[in-house]
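Chemist: Pasting input28.csv below, which is CSV, C-alpha atoms.
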chain,number,residue,atom,x,y,z
A,1,VAL,CA,-9.4,-33.3,5.5
A,2,ALA,CA,-9.5,-30.9,2.5
A,3,ARG,CA,-6.5,-29.1,1.0
A,4,ILE,CA,-7.6,-25.5,0.5
A,5,LEU,CA,-6.0,-22.7,-1.4
A,6,ILE,CA,-6.6,-19.2,0.0
A,7,THR,CA,-5.5,-16.1,-2.0
A,8,SER,CA,-5.2,-13.1,0.3
A,9,GLY,CA,-4.1,-9.5,0.5
A,10,PRO,CA,-3.7,-6.9,-2.3
A,11,THR,CA,-1.3,-7.1,-5.3
A,12,ARG,CA,0.8,-4.3,-6.6
A,13,GLN,CA,1.2,-3.3,-10.3
A,14,HIS,CA,4.3,-1.2,-10.7
A,15,LEU,CA,4.6,1.8,-13.0
A,16,ASP,CA,8.3,2.1,-12.2
A,17,PRO,CA,10.6,0.8,-9.4
A,18,VAL,CA,8.9,3.0,-6.8
A,19,ARG,CA,5.3,3.7,-7.7
A,20,TYR,CA,2.5,1.2,-8.1
A,21,LEU,CA,-1.3,0.8,-8.3
A,22,THR,CA,-2.9,-1.1,-5.4
A,23,ASN,CA,-5.7,-1.1,-2.8
A,24,ALA,CA,-5.9,-1.2,1.0
A,25,SER,CA,-6.5,-4.9,1.4
A,26,SER,CA,-4.8,-5.9,4.7
A,27,GLY,CA,-5.0,-9.7,4.4
A,28,ARG,CA,-7.0,-9.9,7.7
A,29,MET,CA,-10.0,-11.9,6.2
A,30,GLY,CA,-7.5,-14.2,4.5
A,31,GLN,CA,-5.7,-14.6,7.8
A,32,SER,CA,-8.9,-15.3,9.7
A,33,LEU,CA,-10.2,-17.8,7.1
A,34,ALA,CA,-6.8,-19.6,7.1
A,35,GLN,CA,-7.1,-19.8,10.9
A,36,ALA,CA,-10.6,-21.2,10.8
A,37,ALA,CA,-9.6,-23.8,8.1
A,38,VAL,CA,-6.6,-24.9,10.1
A,39,GLU,CA,-8.6,-25.2,13.3
A,40,ALA,CA,-11.1,-27.4,11.4
A,41,GLY,CA,-8.2,-29.7,10.6
A,42,HIS,CA,-7.7,-28.8,6.9
A,43,GLU,CA,-4.5,-28.2,5.0
A,44,VAL,CA,-4.1,-24.6,3.9
A,45,VAL,CA,-1.9,-23.0,1.3
A,46,VAL,CA,-2.0,-19.2,1.3
A,47,VAL,CA,-0.9,-17.2,-1.7
A,48,SER,CA,-0.6,-13.7,-0.4
A,49,GLY,CA,0.3,-10.3,-1.8
A,50,PRO,CA,2.4,-7.9,0.4
A,51,VAL,CA,0.8,-7.6,3.8
A,52,GLU,CA,1.9,-6.7,7.3
A,53,ILE,CA,-0.1,-9.4,9.1
A,54,GLU,CA,1.1,-12.9,9.7
A,55,TYR,CA,-0.7,-16.1,8.7
A,56,PRO,CA,-1.1,-19.1,11.0
A,57,PRO,CA,2.2,-21.1,11.2
A,58,GLN,CA,0.4,-24.3,10.1
A,59,CYS,CA,-0.2,-22.8,6.7
A,60,GLU,CA,2.1,-23.0,3.7
A,61,VAL,CA,2.5,-19.3,2.7
A,62,ILE,CA,3.7,-18.2,-0.7
A,63,PRO,CA,4.3,-14.5,-1.0
A,64,VAL,CA,3.8,-12.7,-4.4
A,65,VAL,CA,3.7,-9.1,-5.5
A,66,SER,CA,1.7,-8.8,-8.8
A,67,THR,CA,-1.5,-10.2,-10.0
A,68,GLU,CA,0.3,-12.2,-12.8
A,69,GLU,CA,2.6,-13.7,-10.1
A,70,MET,CA,-0.4,-14.6,-7.9
A,71,LEU,CA,-2.2,-16.3,-10.9
A,72,ALA,CA,0.9,-18.2,-12.0
A,73,THR,CA,1.5,-19.4,-8.4
A,74,CYS,CA,-2.2,-20.4,-8.0
A,75,GLN,CA,-2.2,-22.3,-11.3
A,76,ARG,CA,0.7,-24.4,-9.9
A,77,VAL,CA,-1.0,-25.0,-6.5
A,78,PHE,CA,-4.7,-25.3,-7.4
A,79,PRO,CA,-4.6,-28.7,-9.2
A,80,ASN,CA,-3.6,-30.3,-5.9
A,81,CYS,CA,-6.2,-28.6,-3.9
A,82,ASP,CA,-9.9,-29.4,-3.2
A,83,GLY,CA,-11.0,-25.9,-3.2
A,84,LEU,CA,-10.2,-22.2,-3.6
A,85,ILE,CA,-11.2,-19.3,-1.4
A,86,GLY,CA,-10.3,-16.2,-3.4
A,87,VAL,CA,-10.4,-13.5,-0.8
A,88,ALA,CA,-7.4,-11.6,-2.2
A,89,ALA,CA,-8.0,-8.2,-3.7
A,90,PRO,CA,-5.7,-8.4,-6.8
A,91,SER,CA,-5.1,-5.2,-8.7
A,92,ASP,CA,-7.2,-5.7,-11.8
A,93,TYR,CA,-5.4,-3.1,-13.9
A,94,ARG,CA,-1.7,-2.9,-14.7
A,95,PRO,CA,0.3,-0.3,-16.6
A,96,VAL,CA,1.1,-1.5,-20.1
A,97,LYS,CA,4.7,-0.5,-19.6
A,98,VAL,CA,6.8,-0.7,-16.4
A,99,GLU,CA,9.6,1.8,-16.5
A,100,GLU,CA,13.0,0.6,-15.5
A,101,HIS,CA,13.9,3.8,-13.8
A,102,LYS,CA,11.8,6.1,-11.6
A,103,ILE,CA,9.7,8.3,-13.8
A,104,LYS,CA,11.0,11.9,-13.5
A,105,LYS,CA,8.7,14.7,-12.8
A,106,THR,CA,8.7,17.2,-15.7
A,107,GLY,CA,5.9,19.5,-14.7
A,108,GLU,CA,3.7,18.0,-17.4
A,109,PRO,CA,0.7,15.7,-17.1
A,110,LEU,CA,1.4,12.0,-17.4
A,111,VAL,CA,-0.8,9.6,-19.4
A,112,LEU,CA,-0.8,6.1,-18.0
A,113,HIS,CA,-2.1,3.3,-20.3
A,114,LEU,CA,-3.6,0.5,-18.2
A,115,VAL,CA,-4.9,-2.9,-19.3
A,116,GLU,CA,-6.8,-5.4,-17.3
A,117,THR,CA,-4.9,-8.1,-15.4
A,118,PRO,CA,-6.2,-11.7,-15.7
A,119,ASP,CA,-9.0,-12.6,-13.4
A,120,ILE,CA,-7.5,-15.1,-11.0
A,121,VAL,CA,-10.7,-16.7,-9.6
A,122,ALA,CA,-12.3,-17.0,-13.1
A,123,THR,CA,-9.2,-18.5,-14.6
A,124,LEU,CA,-8.8,-21.1,-11.8
A,125,ALA,CA,-12.6,-21.8,-11.8
A,126,SER,CA,-12.5,-22.5,-15.5
A,127,THR,CA,-10.1,-25.4,-14.8
A,128,LYS,CA,-12.2,-27.0,-12.0
A,129,ARG,CA,-12.4,-30.7,-12.1
A,130,ALA,CA,-15.2,-32.8,-10.6
A,131,GLY,CA,-15.3,-32.2,-6.8
A,132,GLN,CA,-13.2,-29.0,-6.8
A,133,TRP,CA,-15.0,-25.9,-5.6
A,134,VAL,CA,-14.4,-22.2,-5.8
A,135,VAL,CA,-15.5,-19.4,-3.4
A,136,GLY,CA,-15.3,-15.9,-4.9
A,137,PHE,CA,-15.5,-12.4,-3.3
A,138,ALA,CA,-17.1,-9.4,-4.8
A,139,LEU,CA,-16.4,-5.9,-3.6
A,140,GLU,CA,-19.1,-3.6,-5.0
A,141,THR,CA,-20.0,0.1,-4.5
A,142,GLU,CA,-23.3,0.0,-6.4
A,143,ASP,CA,-25.9,-2.5,-7.5
A,144,GLN,CA,-24.1,-4.8,-5.1
A,145,ARG,CA,-26.2,-8.0,-5.1
A,146,PHE,CA,-26.9,-7.9,-8.9
A,147,ARG,CA,-23.3,-7.4,-9.7
A,148,ALA,CA,-22.2,-10.1,-7.3
A,149,ILE,CA,-24.6,-12.7,-8.7
A,150,THR,CA,-23.4,-11.8,-12.3
A,151,LYS,CA,-19.8,-12.2,-11.2
A,152,MET,CA,-20.5,-15.6,-9.5
A,153,GLN,CA,-22.1,-16.9,-12.7
A,154,LYS,CA,-19.4,-15.5,-15.0
A,155,LYS,CA,-16.6,-16.8,-12.9
A,156,SER,CA,-18.3,-20.3,-12.2
A,157,CYS,CA,-18.1,-19.9,-8.4
A,158,ASP,CA,-19.9,-22.2,-6.1
A,159,LEU,CA,-20.4,-19.4,-3.5
A,160,MET,CA,-19.9,-15.7,-3.8
A,161,VAL,CA,-19.2,-13.4,-0.8
A,162,LEU,CA,-20.4,-9.8,-1.2
A,163,ASN,CA,-18.9,-7.0,0.7
A,164,GLY,CA,-18.5,-3.2,0.4
A,165,PRO,CA,-15.5,-0.9,0.3
A,166,GLU,CA,-15.8,-0.1,4.0
A,167,ALA,CA,-14.5,-3.7,4.6
A,168,ILE,CA,-11.1,-2.9,3.2
A,169,SER,CA,-8.4,-2.7,5.8
A,170,ALA,CA,-11.0,-2.5,8.6
A,171,HIS,CA,-11.3,-4.8,11.6
A,172,GLN,CA,-15.1,-5.2,11.2
A,173,ASN,CA,-16.9,-6.7,8.3
A,174,ALA,CA,-20.5,-7.2,7.1
A,175,ILE,CA,-21.0,-9.8,4.3
A,176,GLU,CA,-23.7,-11.6,2.4
A,177,VAL,CA,-23.0,-15.1,1.1
A,178,LEU,CA,-24.8,-15.9,-2.2
A,179,ALA,CA,-25.4,-19.3,-3.8
A,180,PRO,CA,-25.3,-19.9,-7.6
A,181,GLY,CA,-29.1,-19.5,-7.8
A,182,GLY,CA,-28.8,-16.0,-6.4
A,183,GLU,CA,-30.3,-16.9,-2.9
A,184,VAL,CA,-28.7,-15.4,0.2
A,185,VAL,CA,-27.4,-18.3,2.3
A,186,ALA,CA,-25.9,-16.2,5.1
A,187,ASN,CA,-25.7,-12.6,6.4
A,188,LEU,CA,-22.7,-12.2,8.7
A,189,SER,CA,-21.3,-9.2,10.5
A,190,GLY,CA,-19.0,-8.4,13.3
A,191,PRO,CA,-15.2,-8.5,13.9
A,192,LYS,CA,-13.4,-10.0,10.9
A,193,PHE,CA,-12.1,-13.1,12.7
A,194,GLU,CA,-15.6,-13.9,13.9
A,195,VAL,CA,-17.2,-13.3,10.4
A,196,ALA,CA,-14.4,-15.4,8.9
A,197,ARG,CA,-15.1,-18.3,11.3
A,198,ARG,CA,-18.8,-18.3,10.5
A,199,LEU,CA,-18.2,-17.9,6.8
A,200,PHE,CA,-15.8,-20.9,6.9
A,201,SER,CA,-18.6,-22.9,8.6
A,202,VAL,CA,-20.9,-22.0,5.7
A,203,ILE,CA,-18.3,-23.0,3.1
A,204,ALA,CA,-17.5,-26.3,4.9
A,205,GLU,CA,-21.2,-27.2,5.3
A,206,ARG,CA,-22.0,-26.6,1.6
A,207,LEU,CA,-18.8,-27.5,-0.2
A,208,ILE,CA,-16.4,-29.6,1.8
A,209,THR,CA,-17.4,-33.2,1.7
B,1,VAL,CA,14.5,22.4,22.7
B,2,ALA,CA,13.4,22.5,19.1
B,3,ARG,CA,9.9,21.9,17.7
B,4,ILE,CA,10.4,19.6,14.7
B,5,LEU,CA,7.9,18.6,12.0
B,6,ILE,CA,8.5,15.2,10.5
B,7,THR,CA,6.6,14.0,7.5
B,8,SER,CA,6.5,10.2,7.2
B,9,GLY,CA,5.1,7.3,5.3
B,10,PRO,CA,3.6,7.1,1.8
B,11,THR,CA,0.5,9.0,0.6
B,12,ARG,CA,-2.3,7.5,-1.5
B,13,GLN,CA,-3.9,9.1,-4.6
B,14,HIS,CA,-7.2,7.4,-5.3
B,15,LEU,CA,-8.6,6.6,-8.8
B,16,ASP,CA,-11.8,5.4,-7.3
B,17,PRO,CA,-13.0,4.3,-3.8
B,18,VAL,CA,-10.9,1.2,-3.9
B,19,ARG,CA,-7.8,1.7,-6.2
B,20,TYR,CA,-5.0,4.1,-5.6
B,21,LEU,CA,-1.4,5.0,-6.6
B,22,THR,CA,1.2,4.7,-3.8
B,23,ASN,CA,4.6,3.4,-3.0
B,24,ALA,CA,5.9,1.0,-0.3
B,25,SER,CA,7.2,3.5,2.2
B,26,SER,CA,6.7,1.9,5.7
B,27,GLY,CA,7.2,5.0,7.9
B,28,ARG,CA,10.1,3.3,9.7
B,29,MET,CA,12.7,6.0,9.0
B,30,GLY,CA,10.2,8.6,10.2
B,31,GLN,CA,9.4,6.5,13.3
B,32,SER,CA,13.1,6.2,14.1
B,33,LEU,CA,13.9,9.9,13.4
B,34,ALA,CA,11.0,10.8,15.7
B,35,GLN,CA,12.3,8.5,18.4
B,36,ALA,CA,15.8,10.0,18.1
B,37,ALA,CA,14.4,13.6,18.3
B,38,VAL,CA,12.2,12.8,21.3
B,39,GLU,CA,15.2,11.1,23.1
B,40,ALA,CA,17.2,14.3,22.4
B,41,GLY,CA,14.5,16.2,24.3
B,42,HIS,CA,12.8,17.9,21.3
B,43,GLU,CA,9.1,18.4,20.6
B,44,VAL,CA,8.0,16.4,17.5
B,45,VAL,CA,4.9,16.6,15.3
B,46,VAL,CA,4.6,13.7,12.8
B,47,VAL,CA,2.3,14.1,9.8
B,48,SER,CA,2.0,10.6,8.5
B,49,GLY,CA,0.4,8.8,5.6
B,50,PRO,CA,-1.2,5.4,6.2
B,51,VAL,CA,1.3,3.1,7.9
B,52,GLU,CA,1.2,0.0,10.0
B,53,ILE,CA,4.0,1.1,12.4
B,54,GLU,CA,3.4,3.3,15.5
B,55,TYR,CA,5.1,6.5,16.4
B,56,PRO,CA,6.6,7.3,19.8
B,57,PRO,CA,3.8,8.2,22.2
B,58,GLN,CA,5.6,11.5,23.0
B,59,CYS,CA,4.9,12.8,19.5
B,60,GLU,CA,1.8,14.5,18.2
B,61,VAL,CA,0.8,12.4,15.3
B,62,ILE,CA,-1.6,13.7,12.6
B,63,PRO,CA,-2.7,11.0,10.1
B,64,VAL,CA,-3.4,12.0,6.5
B,65,VAL,CA,-4.1,10.0,3.3
B,66,SER,CA,-3.3,12.1,0.2
B,67,THR,CA,-0.4,14.4,-0.7
B,68,GLU,CA,-2.7,17.4,-0.8
B,69,GLU,CA,-3.9,16.6,2.8
B,70,MET,CA,-0.3,16.2,3.9
B,71,LEU,CA,0.7,19.5,2.4
B,72,ALA,CA,-2.3,21.4,3.9
B,73,THR,CA,-1.6,19.9,7.4
B,74,CYS,CA,2.1,20.8,7.2
B,75,GLN,CA,1.3,24.3,6.1
B,76,ARG,CA,-0.8,24.7,9.3
B,77,VAL,CA,1.9,23.1,11.5
B,78,PHE,CA,5.2,24.3,10.0
B,79,PRO,CA,5.0,28.0,11.0
B,80,ASN,CA,5.2,27.0,14.6
B,81,CYS,CA,8.1,24.7,14.1
B,82,ASP,CA,11.9,25.3,14.0
B,83,GLY,CA,12.5,22.7,11.3
B,84,LEU,CA,11.1,20.1,8.9
B,85,ILE,CA,12.5,16.6,8.3
B,86,GLY,CA,10.6,15.6,5.1
B,87,VAL,CA,11.2,11.8,5.1
B,88,ALA,CA,7.7,11.0,3.8
B,89,ALA,CA,7.4,9.5,0.3
B,90,PRO,CA,4.3,11.4,-0.9
B,91,SER,CA,2.8,10.2,-4.2
B,92,ASP,CA,3.9,12.8,-6.6
B,93,TYR,CA,1.2,12.1,-9.3
B,94,ARG,CA,-2.5,12.0,-8.8
B,95,PRO,CA,-5.3,11.1,-11.2
B,96,VAL,CA,-7.0,14.2,-12.6
B,97,LYS,CA,-10.4,12.7,-11.8
B,98,VAL,CA,-11.3,10.5,-8.8
B,99,GLU,CA,-14.3,8.3,-9.7
B,100,GLU,CA,-17.1,8.2,-7.2
B,101,HIS,CA,-17.8,4.5,-7.8
B,102,LYS,CA,-15.4,1.6,-8.4
B,103,ILE,CA,-14.3,1.7,-12.1
B,104,LYS,CA,-15.9,-1.3,-13.8
B,105,LYS,CA,-13.9,-3.7,-15.9
B,106,THR,CA,-15.0,-3.6,-19.5
B,107,GLY,CA,-12.3,-5.6,-21.1
B,108,GLU,CA,-11.0,-2.4,-22.7
B,109,PRO,CA,-7.7,-0.6,-21.9
B,110,LEU,CA,-8.0,2.3,-19.4
B,111,VAL,CA,-6.3,5.6,-20.0
B,112,LEU,CA,-5.5,7.3,-16.7
B,113,HIS,CA,-4.6,11.0,-16.8
B,114,LEU,CA,-2.2,12.0,-14.0
B,115,VAL,CA,-0.9,15.4,-12.9
B,116,GLU,CA,1.9,16.2,-10.5
B,117,THR,CA,0.9,16.8,-6.9
B,118,PRO,CA,2.4,19.8,-5.1
B,119,ASP,CA,6.0,19.3,-3.8
B,120,ILE,CA,5.6,19.4,0.0
B,121,VAL,CA,9.2,20.0,1.0
B,122,ALA,CA,9.7,22.7,-1.7
B,123,THR,CA,6.5,24.4,-0.8
B,124,LEU,CA,7.3,24.5,2.9
B,125,ALA,CA,10.9,25.5,2.3
B,126,SER,CA,9.8,28.4,0.2
B,127,THR,CA,8.1,29.9,3.3
B,128,LYS,CA,11.1,29.4,5.6
B,129,ARG,CA,11.7,32.3,7.9
B,130,ALA,CA,15.1,33.2,9.5
B,131,GLY,CA,16.2,30.3,11.7
B,132,GLN,CA,13.9,27.7,10.2
B,133,TRP,CA,15.6,24.7,8.5
B,134,VAL,CA,14.5,22.0,6.1
B,135,VAL,CA,15.9,18.5,5.6
B,136,GLY,CA,14.8,16.8,2.3
B,137,PHE,CA,15.1,13.3,1.1
B,138,ALA,CA,15.8,12.1,-2.4
B,139,LEU,CA,15.1,8.6,-3.6
B,140,GLU,CA,16.9,8.2,-6.9
B,141,THR,CA,17.4,5.2,-9.2
B,142,GLU,CA,20.0,6.8,-11.5
B,143,ASP,CA,22.5,9.8,-11.5
B,144,GLN,CA,21.8,9.7,-7.8
B,145,ARG,CA,24.1,12.3,-6.3
B,146,PHE,CA,23.7,14.8,-9.2
B,147,ARG,CA,19.9,14.6,-8.9
B,148,ALA,CA,19.9,14.9,-5.2
B,149,ILE,CA,22.1,18.0,-5.2
B,150,THR,CA,19.8,19.6,-7.9
B,151,LYS,CA,16.8,18.8,-5.8
B,152,MET,CA,18.4,20.3,-2.7
B,153,GLN,CA,19.0,23.5,-4.5
B,154,LYS,CA,15.7,23.7,-6.2
B,155,LYS,CA,13.8,22.9,-3.0
B,156,SER,CA,16.0,25.2,-0.8
B,157,CYS,CA,16.9,22.5,1.6
B,158,ASP,CA,19.6,22.9,4.2
B,159,LEU,CA,20.5,19.2,4.0
B,160,MET,CA,19.5,16.5,1.6
B,161,VAL,CA,19.5,12.8,2.4
B,162,LEU,CA,20.0,10.5,-0.6
B,163,ASN,CA,18.9,6.9,-0.7
B,164,GLY,CA,18.0,4.3,-3.2
B,165,PRO,CA,14.8,2.3,-3.9
B,166,GLU,CA,16.1,-0.7,-1.9
B,167,ALA,CA,15.5,1.4,1.2
B,168,ILE,CA,11.8,1.4,0.8
B,169,SER,CA,10.0,-0.8,3.2
B,170,ALA,CA,13.3,-2.4,4.3
B,171,HIS,CA,14.7,-2.6,7.8
B,172,GLN,CA,18.2,-1.7,6.6
B,173,ASN,CA,19.2,1.5,5.0
B,174,ALA,CA,22.3,3.1,3.4
B,175,ILE,CA,22.2,6.9,3.0
B,176,GLU,CA,24.4,9.8,2.0
B,177,VAL,CA,23.9,13.2,3.6
B,178,LEU,CA,24.6,16.2,1.3
B,179,ALA,CA,25.2,19.8,2.3
B,180,PRO,CA,24.0,22.7,0.0
B,181,GLY,CA,27.5,23.0,-1.5
B,182,GLY,CA,27.2,19.4,-2.7
B,183,GLU,CA,29.7,18.0,-0.2
B,184,VAL,CA,29.0,14.7,1.4
B,185,VAL,CA,28.8,15.3,5.2
B,186,ALA,CA,28.0,11.7,6.2
B,187,ASN,CA,27.7,8.2,4.9
B,188,LEU,CA,25.5,6.1,7.1
B,189,SER,CA,24.4,2.5,6.8
B,190,GLY,CA,22.9,-0.3,8.9
B,191,PRO,CA,19.6,-1.0,10.6
B,192,LYS,CA,17.1,1.9,10.0
B,193,PHE,CA,16.8,2.9,13.7
B,194,GLU,CA,20.6,3.1,14.0
B,195,VAL,CA,21.0,5.1,10.7
B,196,ALA,CA,18.1,7.4,11.9
B,197,ARG,CA,19.8,8.1,15.2
B,198,ARG,CA,23.1,9.0,13.5
B,199,LEU,CA,21.3,11.0,10.9
B,200,PHE,CA,19.5,12.9,13.6
B,201,SER,CA,22.9,13.7,15.3
B,202,VAL,CA,24.1,15.2,12.0
B,203,ILE,CA,21.0,17.3,11.6
B,204,ALA,CA,21.2,18.4,15.3
B,205,GLU,CA,24.8,19.3,15.0
B,206,ARG,CA,24.5,21.3,11.8
B,207,LEU,CA,21.0,22.8,12.1
B,208,ILE,CA,19.6,22.9,15.6
B,209,THR,CA,21.0,25.8,17.6
Represent the structure of the file as structure tokens.

Modeler:
Amino acid sequence: VARILITSGPTRQHLDPVRYLTNASSGRMGQSLAQAAVEAGHEVVVVSGPVEIEYPPQCEVIPVVSTEEMLATCQRVFPNCDGLIGVAAPSDYRPVKVEEHKIKKTGEPLVLHLVETPDIVATLASTKRAGQWVVGFALETEDQRFRAITKMQKKSCDLMVLNGPEAISAHQNAIEVLAPGGEVVANLSGPKFEVARRLFSVIAERLIT
Amino acid sequence: VARILITSGPTRQHLDPVRYLTNASSGRMGQSLAQAAVEAGHEVVVVSGPVEIEYPPQCEVIPVVSTEEMLATCQRVFPNCDGLIGVAAPSDYRPVKVEEHKIKKTGEPLVLHLVETPDIVATLASTKRAGQWVVGFALETEDQRFRAITKMQKKSCDLMVLNGPEAISAHQNAIEVLAPGGEVVANLSGPKFEVARRLFSVIAERLIT
């Protein structure tokens, strides 16, 4: 039995109490991977951004809003886990300043200064101890495989899952699973719950001892 | 029988194919107002941003993504309606430029230039013909009543509903309904479906002939 940390869903980076930057991640792949892991008898902790879906009741679910919160929570949870599946789509930019009150419309343009948020998968992977494994996800719109392999190496992932923007919020998915040498170890497509189950089998076979 | 246009939910203003600006509007008040209007025997057209909830099957529902799309759709629908309930929370800023590909992280800050989107309620209200009515919503975090009354007058609304940011995405709501003279005509609080039903009664009594 492995203890697996799954990050899932989007995160939100607020400009003010109302407006925020985010993406359309639904949490469905995270939900399906959690389900597959639970069915295989593993312990699952899900750290999830705001989503409408529900995770399997056997999981421990920790809700978060921002990328910084997701990272801080994962840093607390990961040391006691055997592996991480980083399927969340955290917002990777945040406004430098979060206004306390709703920004008032003035008729003038607004210049928003953004900085990168910390990379959750890379940060956690850099603390991996012997036996711990990390599966990353890359969502690319161009030079997909090249970028995914670069990300895998930069982030010290043990497997990288590549998908395109059409996967976001959809019920279907088509993914490519890449190993650290750059070789494609699986090509999976179909309904997300089915793709997730087959992906989890690949992860289990290669990484869970 | 009145024909009523209800705008509902958030809108999204994309920076690139993945990232966008939005807010946490769930569409629940729009859903409940549509239900109340349908139950009162009215015809309802809902123009809705991306939401997870479903509208009553008796409504015509037109899904949109951005504020510009919501406005264009409403401009087509409103001339054949008796009134507008503008409960949507459209994103009121948009990036000047929408990148075709996902913006790559470079480690450097990102400066995002935003401009205001058109005000849907004000734009439609400015085209009101005799007998048409418009109900606006104001979500304020400070000087709430003063700002709501100013908005009502600037946007030529026949009623203005004031709520706070705690209403967004919640199941409960507490609202104040203001008439053009600034007087409070109703104070409603409770579960959203209940508040919506009582709000619709106020609208019907004052505006639907």

Chemist: Tell me, counting only C-alpha atoms, for each residue of chain A within 8 Å of chain B, which pair of atoms is nearest and how far apart they are in Å to one decimal, in rows ordered by chain and increasing number, as a Markdown table.

Modeler:
| residue | atom | partner | partner_atom | distance |
| --- | --- | --- | --- | --- |
| A:Pro17 | CA | B:Pro165 | CA | 7.1 |
| A:Val18 | CA | B:Asn23 | CA | 5.8 |
| A:Arg19 | CA | B:Asn23 | CA | 4.8 |
| A:Tyr20 | CA | B:Leu21 | CA | 5.6 |
| A:Leu21 | CA | B:Leu21 | CA | 4.5 |
| A:Thr22 | CA | B:Tyr20 | CA | 5.6 |
| A:Asn23 | CA | B:Arg19 | CA | 4.9 |
| A:Ala24 | CA | B:Val18 | CA | 7.4 |
| A:Glu52 | CA | B:Glu52 | CA | 7.3 |
| A:Ser91 | CA | B:Arg19 | CA | 7.8 |
| A:His101 | CA | B:Thr141 | CA | 5.9 |
| A:Lys102 | CA | B:Thr141 | CA | 6.2 |
| A:Lys105 | CA | B:Glu116 | CA | 7.3 |
| A:Gly107 | CA | B:Glu116 | CA | 6.7 |
| A:Glu108 | CA | B:Val115 | CA | 6.9 |
| A:Pro109 | CA | B:Val115 | CA | 4.5 |
| A:Leu110 | CA | B:Leu114 | CA | 5.0 |
| A:Val111 | CA | B:His113 | CA | 4.8 |
| A:Leu112 | CA | B:Leu112 | CA | 5.0 |
| A:His113 | CA | B:Val111 | CA | 4.8 |
| A:Leu114 | CA | B:Leu110 | CA | 4.9 |
| A:Val115 | CA | B:Pro109 | CA | 4.5 |
| A:Glu116 | CA | B:Gly107 | CA | 6.7 |
| A:Glu140 | CA | B:Lys102 | CA | 7.2 |
| A:Thr141 | CA | B:His101 | CA | 5.9 |
| A:Glu142 | CA | B:His101 | CA | 7.2 |
| A:Pro165 | CA | B:Val18 | CA | 6.6 |

Chemist: I need the residue nearest Gln58 in chain B from this list: B:Ala88, B:Leu71, B:Ala167, B:Val46. Use all atoms listed in the file for the distance.

Modeler: B:Val46

Chemist: What's the separation between CA of Val65 in chain A and CA of Lys97 in chain B, in Å to one decimal place?

Modeler: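 Straight-line distance from CA of Val65 in chain A to CA of Lys97 in chain B works out to 26.7 Å.
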
Chemist: What does the structure give for the distance between CA of Arg198 in chain A and CA of Val87 in chain A, in Å to one decimal?

Modeler: 14.9 Å

Chemist: Between CA of Glu68 in chain B and CA of Lys155 in chain B, what is the distance, to one decimal in Å?

Modeler: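 CA of Lys155 in chain B lies at a distance of 17.5 Å from CA of Glu68 in chain B.
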
Chemist: Looking at B:Ala130, B:Cys74, B:Ala34, B:Ile203, which one is nearest to Met160 in chain B, with distances taken over all atoms listed in the file?

Modeler: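 Nearest to Met160 in chain B: B:Ile203.
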